[in-house]
file entry13.txt (compact mmCIF, C-alpha atoms)
# COMPACT_ATOMS: atom_id res chain seq x y z
CA MET A 71 24.75 9.90 -83.42
CA ILE A 72 21.64 11.32 -81.82
CA PRO A 73 19.82 9.99 -78.75
CA ALA A 74 16.30 8.65 -79.10
CA PRO A 75 13.66 11.21 -78.10
CA PHE A 76 13.01 11.67 -74.39
CA GLU A 77 11.22 13.97 -72.03
CA TYR A 78 13.50 16.33 -70.12
CA GLU A 79 12.94 17.34 -66.51
CA ALA A 80 15.29 19.75 -64.75
CA ALA A 81 15.29 19.01 -61.02
CA GLU A 82 15.34 22.08 -58.78
CA SER A 83 16.39 20.25 -55.62
CA ALA A 84 17.31 16.78 -54.44
CA GLY A 85 13.76 16.41 -53.14
CA HIS A 86 12.35 17.41 -56.51
CA ALA A 87 14.61 14.85 -58.21
CA LEU A 88 13.27 12.16 -55.85
CA ASP A 89 9.68 13.19 -56.64
CA LEU A 90 10.44 12.89 -60.34
CA LEU A 91 12.08 9.49 -59.82
CA ALA A 92 9.05 8.33 -57.84
CA ARG A 93 6.79 9.47 -60.66
CA TYR A 94 8.76 7.96 -63.56
CA GLY A 95 10.60 5.05 -61.91
CA GLU A 96 12.41 2.71 -64.25
CA ASP A 97 11.55 4.80 -67.32
CA ALA A 98 13.83 7.58 -66.05
CA LYS A 99 17.58 8.06 -65.96
CA VAL A 100 19.37 10.65 -63.86
CA LEU A 101 21.62 13.04 -65.77
CA ALA A 102 24.41 14.99 -64.08
CA GLY A 103 27.45 15.71 -66.27
CA GLY A 104 26.22 13.22 -68.85
CA HIS A 105 29.63 11.76 -69.61
CA SER A 106 28.55 8.19 -69.03
CA LEU A 107 24.84 8.48 -69.84
CA LEU A 108 24.94 10.57 -73.03
CA PRO A 109 27.42 8.31 -74.87
CA MET A 110 25.17 5.35 -73.95
CA MET A 111 22.12 7.25 -75.19
CA LYS A 112 23.86 8.25 -78.43
CA LEU A 113 24.67 4.59 -79.07
CA ARG A 114 21.07 3.78 -78.04
CA LEU A 115 22.37 1.38 -75.42
CA ALA A 116 20.30 3.51 -73.05
CA VAL A 117 16.88 4.66 -74.19
CA PRO A 118 15.23 6.33 -71.20
CA SER A 119 11.86 7.92 -71.83
CA VAL A 120 12.59 10.59 -69.22
CA VAL A 121 15.87 12.27 -68.33
CA ILE A 122 16.03 13.95 -64.92
CA ASP A 123 18.77 16.58 -64.92
CA ILE A 124 20.31 17.14 -61.49
CA GLY A 125 23.19 19.18 -62.92
CA ARG A 126 21.92 22.48 -61.53
CA VAL A 127 21.01 21.27 -58.04
CA SER A 128 23.55 23.17 -55.97
CA GLU A 129 22.98 21.14 -52.78
CA LEU A 130 24.33 18.05 -54.57
CA ALA A 131 27.73 19.62 -55.37
CA GLY A 132 30.66 20.59 -53.21
CA ILE A 133 33.30 19.16 -50.91
CA ARG A 134 33.38 19.42 -47.12
CA ALA A 135 35.03 17.80 -44.13
CA ASP A 136 32.86 15.93 -41.61
CA GLY A 137 34.87 14.52 -38.72
CA ASP A 138 37.14 11.75 -39.94
CA GLU A 139 35.63 11.83 -43.42
CA LEU A 140 35.31 14.02 -46.47
CA VAL A 141 31.86 14.36 -48.00
CA ILE A 142 31.78 15.00 -51.73
CA GLY A 143 28.51 15.92 -53.40
CA ALA A 144 27.47 13.56 -56.18
CA THR A 145 27.54 16.21 -58.92
CA THR A 146 31.03 17.47 -58.10
CA CYS A 147 33.04 17.17 -61.31
CA HIS A 148 36.32 15.26 -61.49
CA ALA A 149 38.32 18.45 -62.13
CA ASP A 150 37.01 19.98 -58.89
CA VAL A 151 37.77 16.83 -56.90
CA ALA A 152 41.28 16.67 -58.38
CA ALA A 153 41.98 20.36 -57.68
CA SER A 154 40.44 20.53 -54.20
CA ASP A 155 42.99 21.43 -51.52
CA LEU A 156 40.91 19.49 -49.00
CA VAL A 157 40.91 16.30 -51.08
CA ARG A 158 44.56 16.67 -52.10
CA SER A 159 45.71 17.07 -48.51
CA GLN A 160 43.30 14.68 -46.75
CA THR A 161 42.70 11.91 -49.29
CA PRO A 162 45.40 12.25 -51.96
CA LEU A 163 44.54 8.90 -53.54
CA LEU A 164 41.10 10.21 -54.47
CA ALA A 165 42.50 13.45 -55.94
CA TYR A 166 44.94 11.40 -58.00
CA ALA A 167 42.22 9.01 -59.18
CA ALA A 168 39.95 11.88 -60.23
CA ALA A 169 42.81 13.35 -62.27
CA GLN A 170 43.19 10.05 -64.18
CA VAL A 171 39.63 10.04 -65.54
CA GLY A 172 39.46 10.64 -69.30
CA ASP A 173 40.91 13.99 -70.33
CA PRO A 174 40.55 17.62 -69.18
CA GLN A 175 37.28 18.23 -71.04
CA ILE A 176 35.77 15.03 -69.64
CA ARG A 177 36.89 15.99 -66.12
CA HIS A 178 35.15 19.35 -66.48
CA ARG A 179 31.77 17.67 -67.03
CA GLY A 180 31.92 14.14 -65.63
CA THR A 181 30.91 13.81 -61.98
CA ILE A 182 32.00 11.57 -59.13
CA GLY A 183 28.44 10.38 -58.49
CA GLY A 184 27.83 9.74 -62.17
CA SER A 185 30.94 7.64 -62.49
CA LEU A 186 30.07 5.59 -59.41
CA ALA A 187 26.43 5.10 -60.37
CA HIS A 188 27.52 4.06 -63.87
CA ALA A 189 29.69 1.37 -62.21
CA ASP A 190 32.07 0.59 -65.04
CA PRO A 191 34.42 -2.03 -63.53
CA ALA A 192 37.31 -0.55 -65.56
CA ALA A 193 36.78 2.99 -64.28
CA ASP A 194 38.97 4.92 -61.84
CA LEU A 195 36.57 6.10 -59.17
CA PRO A 196 34.80 2.83 -58.31
CA MET A 197 38.23 1.27 -57.71
CA ALA A 198 39.39 4.30 -55.69
CA LEU A 199 36.29 4.22 -53.47
CA VAL A 200 36.73 0.51 -52.77
CA ALA A 201 40.42 0.97 -51.96
CA LEU A 202 39.64 3.83 -49.60
CA GLY A 203 36.78 2.02 -47.88
CA GLY A 204 34.42 4.85 -48.81
CA SER A 205 30.65 4.82 -48.81
CA MET A 206 27.69 6.19 -50.75
CA GLU A 207 24.91 8.35 -49.35
CA ILE A 208 21.66 7.40 -51.01
CA ALA A 209 18.33 9.17 -50.75
CA GLY A 210 15.06 7.46 -51.52
CA PRO A 211 11.36 7.65 -50.78
CA GLY A 212 11.99 5.93 -47.43
CA GLY A 213 14.75 8.35 -46.37
CA GLN A 214 18.52 8.17 -46.36
CA ARG A 215 20.77 5.15 -46.31
CA THR A 216 24.52 4.70 -46.49
CA VAL A 217 26.09 1.83 -48.41
CA SER A 218 29.76 0.89 -48.26
CA ALA A 219 31.68 0.88 -51.55
CA ASP A 220 32.24 -2.87 -51.02
CA ASP A 221 28.47 -3.44 -51.11
CA PHE A 222 27.48 -0.74 -53.60
CA PHE A 223 28.75 -2.43 -56.76
CA ALA A 224 26.35 -5.29 -57.45
CA GLY A 225 27.42 -6.49 -60.89
CA PHE A 226 28.61 -5.48 -64.33
CA PHE A 227 27.43 -1.83 -64.65
CA GLU A 228 25.02 -2.54 -61.77
CA THR A 229 24.74 -0.99 -58.34
CA SER A 230 22.53 -1.43 -55.32
CA LEU A 231 20.68 1.80 -56.22
CA GLU A 232 16.94 1.27 -56.64
CA PRO A 233 15.21 2.98 -59.59
CA ASP A 234 13.58 5.50 -57.24
CA GLU A 235 16.80 6.30 -55.36
CA LEU A 236 19.39 9.00 -55.87
CA LEU A 237 23.10 8.90 -55.06
CA THR A 238 23.54 12.22 -53.28
CA ALA A 239 27.09 12.16 -51.90
CA VAL A 240 30.21 10.12 -51.41
CA ARG A 241 32.05 9.69 -48.10
CA VAL A 242 35.73 8.88 -47.92
CA PRO A 243 37.86 8.50 -44.80
CA ARG A 244 40.65 11.00 -44.36
CA ARG A 245 43.85 9.23 -45.28
CA PRO A 246 46.43 11.99 -45.56
CA GLY A 247 49.60 9.91 -45.37
CA PRO A 248 51.83 8.90 -48.27
CA ASP A 249 51.08 5.15 -47.84
CA TRP A 250 49.03 4.76 -50.99
CA GLY A 251 49.65 3.72 -54.56
CA TYR A 252 47.75 3.90 -57.81
CA GLN A 253 48.42 2.06 -61.05
CA LYS A 254 46.43 2.37 -64.27
CA PHE A 255 47.67 0.34 -67.21
CA VAL A 256 46.49 1.72 -70.56
CA ARG A 257 47.60 1.41 -74.16
CA ARG A 258 46.09 4.68 -75.41
CA ALA A 259 45.67 8.21 -74.09
CA ASN A 260 42.51 8.84 -72.07
CA ASP A 261 41.43 5.20 -72.16
CA TRP A 262 39.99 2.97 -69.45
CA ALA A 263 42.34 0.76 -67.49
CA ILE A 264 43.20 -2.62 -68.98
CA VAL A 265 43.92 -3.37 -65.33
CA GLY A 266 44.04 -0.87 -62.49
CA VAL A 267 45.18 -1.18 -58.88
CA ALA A 268 44.61 1.21 -56.00
CA ALA A 269 46.12 0.47 -52.61
CA ALA A 270 45.76 2.36 -49.36
CA GLY A 271 46.29 1.39 -45.74
CA GLY A 272 46.28 -2.35 -46.30
CA ARG A 273 43.32 -2.35 -48.69
CA ILE A 274 43.87 -3.27 -52.34
CA ALA A 275 41.24 -2.72 -55.06
CA LEU A 276 41.50 -3.96 -58.63
CA ALA A 277 39.82 -2.44 -61.71
CA ASN A 278 38.76 -4.54 -64.70
CA MET A 279 39.56 -7.82 -62.96
CA GLY A 280 35.91 -8.85 -62.69
CA PRO A 281 32.38 -7.51 -63.20
CA VAL A 282 32.84 -5.08 -60.29
CA PRO A 283 35.90 -3.47 -58.70
CA VAL A 284 37.24 -6.29 -56.52
CA ARG A 285 39.43 -6.49 -53.43
CA ALA A 286 42.64 -8.51 -53.65
CA THR A 287 41.77 -10.22 -50.37
CA ALA A 288 44.51 -12.87 -50.44
CA ALA A 289 47.14 -10.18 -50.92
CA GLU A 290 45.54 -8.02 -48.20
CA GLN A 291 45.62 -10.94 -45.75
CA ALA A 292 49.26 -11.65 -46.55
CA LEU A 293 50.11 -8.00 -45.95
CA ALA A 294 48.25 -8.03 -42.65
CA GLY A 295 50.27 -11.11 -41.71
CA GLY A 296 53.51 -9.26 -42.31
CA ALA A 297 54.33 -10.37 -45.86
CA SER A 298 56.52 -8.14 -48.02
CA ALA A 299 54.94 -6.10 -50.84
CA ALA A 300 56.43 -8.51 -53.36
CA ASP A 301 55.11 -11.61 -51.59
CA ALA A 302 51.67 -10.10 -51.06
CA ALA A 303 51.46 -8.87 -54.65
CA ALA A 304 52.14 -12.38 -55.92
CA LEU A 305 48.69 -13.27 -54.52
CA ALA A 306 46.87 -10.28 -56.10
CA ALA A 307 45.10 -12.28 -58.80
CA GLU A 308 43.91 -15.07 -56.46
CA GLY A 309 40.22 -15.68 -56.93
CA THR A 310 39.84 -13.23 -59.82
CA ASP A 311 38.08 -14.12 -63.05
CA PRO A 312 38.73 -11.24 -65.44
CA ALA A 313 37.01 -11.00 -68.80
CA GLU A 314 38.96 -11.44 -72.03
CA ASP A 315 38.81 -8.80 -74.73
CA ILE A 316 40.80 -7.29 -77.58
CA HIS A 317 43.29 -5.79 -75.11
CA ALA A 318 44.12 -8.74 -72.91
CA ASP A 319 43.33 -12.36 -72.14
CA ARG A 320 42.71 -13.74 -68.67
CA ALA A 321 46.29 -14.78 -67.92
CA TYR A 322 47.71 -11.43 -69.06
CA ARG A 323 45.26 -9.51 -66.88
CA GLN A 324 46.17 -11.66 -63.89
CA HIS A 325 49.85 -11.07 -64.59
CA LEU A 326 49.22 -7.32 -64.77
CA ALA A 327 47.30 -7.45 -61.49
CA ARG A 328 50.31 -8.97 -59.73
CA VAL A 329 52.87 -6.59 -61.26
CA LEU A 330 50.73 -3.48 -60.74
CA THR A 331 49.82 -4.48 -57.17
CA ARG A 332 53.49 -4.71 -56.30
CA ARG A 333 54.05 -1.21 -57.69
CA ALA A 334 50.99 0.14 -55.88
CA LEU A 335 52.13 -1.41 -52.61
CA GLU A 336 55.48 0.29 -53.13
CA HIS A 337 53.46 3.54 -53.26
CA GLN A 338 54.09 4.17 -56.91
CA THR A 339 51.70 6.05 -59.18
CA GLY A 340 51.42 5.64 -62.88
CA MET B 248 11.80 23.31 -74.64
CA GLN B 249 12.86 26.94 -74.35
CA ILE B 250 16.47 27.63 -73.37
CA GLU B 251 18.17 30.91 -72.59
CA LEU B 252 21.93 31.09 -72.69
CA THR B 253 24.83 33.28 -73.75
CA VAL B 254 26.75 32.38 -76.88
CA ASN B 255 29.94 34.34 -77.56
CA GLY B 256 28.78 37.14 -75.30
CA ALA B 257 25.31 37.52 -76.85
CA PRO B 258 22.17 36.37 -75.06
CA ARG B 259 20.03 33.91 -77.00
CA SER B 260 16.69 32.25 -76.49
CA ASP B 261 15.76 29.21 -78.55
CA GLU B 262 13.20 26.44 -78.64
CA VAL B 263 15.09 23.14 -78.78
CA GLU B 264 14.31 19.45 -78.68
CA PRO B 265 15.74 17.94 -75.44
CA ARG B 266 17.88 15.46 -77.39
CA LEU B 267 19.61 18.18 -79.43
CA LEU B 268 23.35 18.05 -78.75
CA LEU B 269 25.13 21.31 -77.99
CA VAL B 270 27.44 20.93 -81.01
CA HIS B 271 24.45 20.60 -83.34
CA TYR B 272 22.73 23.53 -81.66
CA LEU B 273 25.83 25.69 -82.20
CA ARG B 274 26.36 24.60 -85.81
CA GLN B 275 22.77 24.41 -87.04
CA ARG B 276 20.85 26.90 -84.92
CA CYS B 277 23.52 29.48 -84.21
CA GLY B 278 25.35 29.10 -87.53
CA LEU B 279 28.65 28.72 -85.67
CA ARG B 280 30.55 26.03 -87.53
CA ALA B 281 33.98 26.24 -85.91
CA ALA B 282 33.22 23.37 -83.53
CA ASN B 283 33.48 20.24 -85.67
CA VAL B 284 31.91 16.85 -85.17
CA GLY B 285 34.82 14.45 -85.43
CA CYS B 286 34.57 11.16 -83.57
CA ASP B 287 31.19 11.89 -81.96
CA THR B 288 32.30 9.72 -79.01
CA THR B 289 33.93 12.20 -76.55
CA SER B 290 37.39 11.21 -77.75
CA CYS B 291 38.80 13.54 -80.42
CA GLY B 292 38.05 17.00 -79.02
CA ALA B 293 37.24 18.61 -82.39
CA CYS B 294 33.96 19.86 -80.91
CA THR B 295 35.59 21.53 -77.87
CA VAL B 296 34.00 24.78 -76.72
CA LEU B 297 34.18 26.68 -73.45
CA VAL B 298 31.29 26.43 -71.00
CA ASN B 299 31.67 29.11 -68.34
CA GLY B 300 35.34 29.30 -69.33
CA ARG B 301 36.06 25.58 -69.05
CA SER B 302 36.76 23.33 -72.03
CA VAL B 303 33.98 20.86 -72.79
CA LYS B 304 33.25 18.44 -75.62
CA SER B 305 30.02 19.76 -77.11
CA CYS B 306 29.13 16.41 -78.70
CA THR B 307 28.58 15.08 -75.18
CA MET B 308 26.39 17.82 -73.79
CA LEU B 309 22.76 18.55 -74.50
CA ALA B 310 21.75 22.03 -75.54
CA VAL B 311 19.24 21.99 -72.65
CA GLN B 312 22.16 21.46 -70.24
CA ALA B 313 23.66 24.69 -71.57
CA ALA B 314 20.65 26.72 -70.42
CA GLY B 315 21.84 29.56 -68.22
CA GLN B 316 25.49 28.99 -69.16
CA GLU B 317 28.01 31.04 -71.10
CA ILE B 318 29.28 29.29 -74.22
CA THR B 319 32.34 30.42 -76.15
CA THR B 320 33.26 29.02 -79.55
CA ALA B 321 36.32 29.80 -81.67
CA GLU B 322 34.24 32.46 -83.44
CA GLY B 323 33.91 34.24 -80.10
CA LEU B 324 37.64 34.48 -79.47
CA ALA B 325 38.51 37.05 -82.12
CA ALA B 326 37.23 40.22 -80.51
CA GLY B 327 36.68 43.01 -83.04
CA GLY B 328 38.21 40.98 -85.86
CA GLU B 329 41.56 40.77 -84.12
CA MET B 330 42.80 37.26 -83.57
CA HIS B 331 43.11 35.93 -80.04
CA PRO B 332 46.75 35.36 -78.96
CA VAL B 333 46.18 31.59 -79.09
CA GLN B 334 44.87 31.84 -82.67
CA GLU B 335 47.72 34.12 -83.65
CA ALA B 336 50.26 31.73 -82.13
CA PHE B 337 48.78 28.79 -84.06
CA ARG B 338 49.30 30.82 -87.24
CA GLN B 339 52.81 31.96 -86.38
CA GLU B 340 54.00 28.53 -85.24
CA HIS B 341 52.26 26.60 -88.03
CA GLY B 342 50.11 24.84 -85.46
CA LEU B 343 47.76 23.38 -88.07
CA GLN B 344 47.86 21.28 -91.18
CA CYS B 345 44.44 20.20 -92.46
CA GLY B 346 42.76 22.40 -89.87
CA PHE B 347 39.97 20.07 -88.80
CA CYS B 348 41.14 19.73 -85.20
CA THR B 349 42.22 23.37 -84.96
CA PRO B 350 39.09 25.02 -83.50
CA GLY B 351 38.95 22.36 -80.80
CA MET B 352 42.69 22.61 -80.16
CA VAL B 353 42.46 26.39 -79.88
CA MET B 354 39.55 26.20 -77.44
CA ALA B 355 41.19 23.48 -75.34
CA ALA B 356 44.41 25.51 -75.28
CA THR B 357 42.52 28.67 -74.32
CA GLY B 358 40.86 26.80 -71.46
CA LEU B 359 44.19 25.31 -70.40
CA LEU B 360 45.91 28.70 -70.29
CA ALA B 361 43.05 30.15 -68.26
CA GLU B 362 43.63 27.44 -65.63
CA ASN B 363 47.43 27.38 -65.93
CA PRO B 364 48.86 30.55 -67.50
CA HIS B 365 52.47 29.29 -67.41
CA PRO B 366 52.40 25.62 -68.38
CA THR B 367 55.48 23.52 -68.99
CA GLU B 368 55.73 21.63 -72.26
CA THR B 369 54.64 18.46 -70.44
CA GLU B 370 51.64 20.27 -68.97
CA VAL B 371 50.65 21.46 -72.44
CA ARG B 372 50.90 17.96 -73.84
CA GLU B 373 48.88 16.53 -70.95
CA GLY B 374 46.45 19.45 -71.09
CA LEU B 375 45.70 18.67 -74.74
CA GLU B 376 45.30 14.95 -74.09
CA GLY B 377 41.66 15.20 -75.09
CA ASN B 378 42.35 16.56 -78.58
CA PHE B 379 43.53 14.46 -81.49
CA CYS B 380 45.36 15.79 -84.56
CA ARG B 381 45.20 13.10 -87.21
CA CYS B 382 47.82 14.97 -89.26
CA THR B 383 49.94 14.28 -86.13
CA GLY B 384 51.03 17.90 -86.06
CA TYR B 385 51.34 17.92 -82.29
CA HIS B 386 54.83 19.35 -82.13
CA ASN B 387 53.91 22.71 -83.60
CA ILE B 388 50.63 22.78 -81.72
CA VAL B 389 52.52 22.48 -78.43
CA ARG B 390 54.96 25.18 -79.59
CA ALA B 391 52.03 27.42 -80.44
CA VAL B 392 50.45 27.02 -77.00
CA LEU B 393 53.77 27.75 -75.27
CA ALA B 394 54.23 30.83 -77.49
CA ALA B 395 50.69 31.98 -76.70
CA ALA B 396 51.37 31.59 -72.99
CA GLU B 397 54.36 33.88 -73.33
CA THR B 398 52.46 36.48 -75.36
CA MET B 399 49.54 36.47 -72.96
CA SER B 400 51.69 36.93 -69.86
CA ALA B 401 53.87 39.64 -71.46
call {"tool": "encode", "arguments": {"input": "entry13.txt", "output": "structure tokens"}}
result
Amino acid sequence: MIPAPFEYEAAESAGHALDLLARYGEDAKVLAGGHSLLPMMKLRLAVPSVVIDIGRVSELAGIRADGDELVIGATTCHADVAASDLVRSQTPLLAYAAAQVGDPQIRHRGTIGGSLAHADPAADLPMALVALGGSMEIAGPGGQRTVSADDFFAGFFETSLEPDELLTAVRVPRRPGPDWGYQKFVRRANDWAIVGVAAAGGRIALANMGPVPVRATAAEQALAGGASAADAAALAAEGTDPAEDIHADRAYRQHLARVLTRRALEHQTG
Amino acid sequence: MQIELTVNGAPRSDEVEPRLLLVHYLRQRCGLRAANVGCDTTSCGACTVLVNGRSVKSCTMLAVQAAGQEITTAEGLAAGGEMHPVQEAFRQEHGLQCGFCTPGMVMAATGLLAENPHPTETEVREGLEGNFCRCTGYHNIVRAVLAAAETMSA
């Protein structure tokens, strides 16, 4: 499978990438590691006329601490997030989530920003960012803006990014304690979650339980009111409307959400 | 578009179409046919090569993204005609049957051992999660990687 022809532009800086986006607008797609975009282009589900490669823009990669938060450059690959001492010690849920993406080769190329901008509701990092209460740093022609993970995911494979905007970095609060859990239910190696649950500090995010990563708000409220993990988890599927596919129907996904939420609230990983 | 890169230690400069995938560049332009196109969907790992020492699926990377990078294929492992310890271990431990997945397995294993020179059996199995052997010869493949780890650290 070979992508349709396109024009290739290698951005030299974030500013240059923004100039290119301003010039080409909706005809352009941003390429970082290419592990979401290139498969789409090979299947011709994506047919951009221009590809803007930000993979060599060094200012967009790297991990640093900033007060109560960690700031992770958009083009930082999953393997580097997973192996980072800073992430592992300060936000272990995120390090764990990054290590669950695909397989080692995919983690060497795929990037945190790419995964978030792709916004697959079954993916690991969108769910992790929602569970952590993280946010996205977005640059555009009008300057910078920051959007919370709760507001970033706008629909099925859709975000609040405008065509002339660039996701430059991700912010996550430091959450070094052991009070987190992560559950990813799969049938095959290196697959997407049939249902996923990430829980941290009273927040619960579900993957593949709707068009975007969703919060299990009824379960969160029960927890906040002093309910046990088991009682709160029983409410995890309230208000969800998961899609049906070859792997699972609606009722099975909702059942999984309840079971996996209980495990996540008991701080289990798997 | 003109790209300059290093393939198996040798600098190259080639004019490529932006949509040319790295695996096709290596096979068709460089004549290096170890990396196979298997699934073509970033799943099977038969096209695995090293990019700056890290394992990558070359069916999911453009040749233009490889500009300025160092690419190593299975052909580049056998320095001076002598097999790399990972290759030798695959032979000794019967780590292949039909052989289609082997170049990708060898490159993924080489990348794994560079990151983790003393893996446990579980770490080898997890480290090769991105490579499928449809002969299902995983047992000997894992043995081969563990044997290579021992040889390389001796």
call {"tool": "residues_around", "arguments": {"input": "entry13.txt", "residues": "A:Glu82", "least_positions_apart": "6", "cutoff": "8 Å", "atoms": "all atoms listed in the file", "output": "PyMOL selection string"}}
result
chain A and resi 124+126-127
call {"tool": "residues_around", "arguments": {"input": "entry13.txt", "residues": "stretch 285-288 of chain B", "least_positions_apart": "6", "cutoff": "7 Å", "atoms": "all atoms listed in the file", "output": "PDB file with C-alpha atoms, keeping the file's coordinate frame"}}
result
ATOM      1  CA  MET A  71      24.750   9.900 -83.420  1.00  0.00           C
ATOM      2  CA  PRO A 109      27.420   8.310 -74.870  1.00  0.00           C
TER       3      PRO A 109
ATOM      4  CA  CYS B 306      29.130  16.410 -78.700  1.00  0.00           C
TER       5      CYS B 306
END
call {"tool": "residues_near_point", "arguments": {"input": "entry13.txt", "point": "(40.4, 13.2, -80.9)", "cutoff": "10 Å", "atoms": "all atoms listed in the file", "output": "count of residues only"}}
result
21
call {"tool": "atom_distance", "arguments": {"input": "entry13.txt", "atom1": "atom CA of A:Ala80", "atom2": "atom CA of A:Tyr94"}}
result
13.5 Å
call {"tool": "closest_atom_pairs", "arguments": {"input": "entry13.txt", "of": "chain B", "to": "chain A", "cutoff": "10 Å", "atoms": "only C-alpha atoms", "output": "Markdown table"}}
result
| residue | atom | partner | partner_atom | distance |
| --- | --- | --- | --- | --- |
| B:Met248 | CA | A:Tyr78 | CA | 8.5 |
| B:Glu264 | CA | A:Pro75 | CA | 8.3 |
| B:Pro265 | CA | A:Tyr78 | CA | 6.0 |
| B:Arg266 | CA | A:Pro73 | CA | 6.0 |
| B:Leu267 | CA | A:Ile72 | CA | 7.5 |
| B:Leu268 | CA | A:Ile72 | CA | 7.6 |
| B:His271 | CA | A:Ile72 | CA | 9.8 |
| B:Cys286 | CA | A:Met71 | CA | 9.9 |
| B:Asp287 | CA | A:Met71 | CA | 6.9 |
| B:Thr288 | CA | A:Pro109 | CA | 6.6 |
| B:Thr289 | CA | A:Ile176 | CA | 7.7 |
| B:Ser290 | CA | A:Asn260 | CA | 8.0 |
| B:Gly292 | CA | A:Gln175 | CA | 8.1 |
| B:Thr295 | CA | A:Gln175 | CA | 7.8 |
| B:Val296 | CA | A:Gln175 | CA | 9.3 |
| B:Leu297 | CA | A:Gln175 | CA | 9.3 |
| B:Val298 | CA | A:His178 | CA | 9.2 |
| B:Arg301 | CA | A:His178 | CA | 6.8 |
| B:Ser302 | CA | A:Gln175 | CA | 5.2 |
| B:Val303 | CA | A:Gln175 | CA | 4.6 |
| B:Lys304 | CA | A:Gln175 | CA | 6.1 |
| B:Ser305 | CA | A:Gln175 | CA | 9.6 |
| B:Cys306 | CA | A:Pro109 | CA | 9.1 |
| B:Thr307 | CA | A:Leu108 | CA | 6.2 |
| B:Met308 | CA | A:Gly104 | CA | 6.8 |
| B:Leu309 | CA | A:Leu108 | CA | 8.4 |
| B:Val311 | CA | A:Tyr78 | CA | 8.4 |
| B:Gln312 | CA | A:Gly125 | CA | 7.7 |
| B:Ala314 | CA | A:Arg126 | CA | 9.9 |
| B:Gly315 | CA | A:Arg126 | CA | 9.7 |
| B:Ala355 | CA | A:Gln175 | CA | 7.8 |
| B:Gly358 | CA | A:Gln175 | CA | 9.3 |
| B:Leu359 | CA | A:Pro174 | CA | 8.6 |
| B:Glu373 | CA | A:Asp173 | CA | 8.4 |
| B:Gly374 | CA | A:Pro174 | CA | 6.5 |
| B:Leu375 | CA | A:Pro174 | CA | 7.7 |
| B:Glu376 | CA | A:Asp173 | CA | 5.9 |
| B:Gly377 | CA | A:Asp173 | CA | 5.0 |
| B:Asn378 | CA | A:Asp173 | CA | 8.8 |
| B:Phe379 | CA | A:Ala259 | CA | 9.9 |
call {"tool": "residues_near_point", "arguments": {"input": "entry13.txt", "point": "(53.5, 35.0, -83.0)", "cutoff": "12 Å", "atoms": "only C-alpha atoms", "output": "JSON, numbers by chain"}}
result
{"B": [330, 331, 332, 333, 334, 335, 336, 337, 338, 339, 340, 341, 342, 390, 391, 392, 393, 394, 395, 396, 397, 398, 399]}
call {"tool": "residues_around", "arguments": {"input": "entry13.txt", "residues": "B:Arg274", "least_positions_apart": "6", "cutoff": "10 Å", "atoms": "all atoms listed in the file", "output": "list of chain:residue names"}}
result
B:Arg280, B:Ala281, B:Ala282, B:Asn283, B:Val284
call {"tool": "atom_distance", "arguments": {"input": "entry13.txt", "atom1": "atom CA of B:Val270", "atom2": "atom CA of B:Gln344"}}
result
22.8 Å
call {"tool": "atom_distance", "arguments": {"input": "entry13.txt", "atom1": "atom CA of A:Ala306", "atom2": "atom CA of A:Arg328"}}
result
5.2 Å
call {"tool": "residues_around", "arguments": {"input": "entry13.txt", "residues": "A:Glu129", "least_positions_apart": "6", "cutoff": "10 Å", "atoms": "all atoms listed in the file", "output": "list in words"}}
result
Glu82, Ser83, Ala84, Gly143, Ala144, Thr145, Thr238 and Ala239 of chain A
call {"tool": "residues_around", "arguments": {"input": "entry13.txt", "residues": "A:Asp221", "least_positions_apart": "4", "cutoff": "9 Å", "atoms": "all atoms listed in the file", "output": "PyMOL selection string"}}
result
chain A and resi 205+217+229-230
call {"tool": "write_last_selection", "arguments": {"input": "entry13.txt", "atoms": "C-alpha atoms", "output": "tab-separated table (two decimals), keeping the file's coordinate frame"}}
result
chain	number	residue	atom	x	y	z
A	205	SER	CA	30.65	4.82	-48.81
A	217	VAL	CA	26.09	1.83	-48.41
A	229	THR	CA	24.74	-0.99	-58.34
A	230	SER	CA	22.53	-1.43	-55.32
call {"tool": "axis_aligned_box", "arguments": {"input": "entry13.txt", "around": "stretch 386-391 of chain B", "padding_each_side": "5 Å", "output": "AutoDock Vina command-line options"}}
result
--center_x 52.8 --center_y 23.4 --center_z -81.0 --size_x 14.3 --size_y 18.1 --size_z 15.2
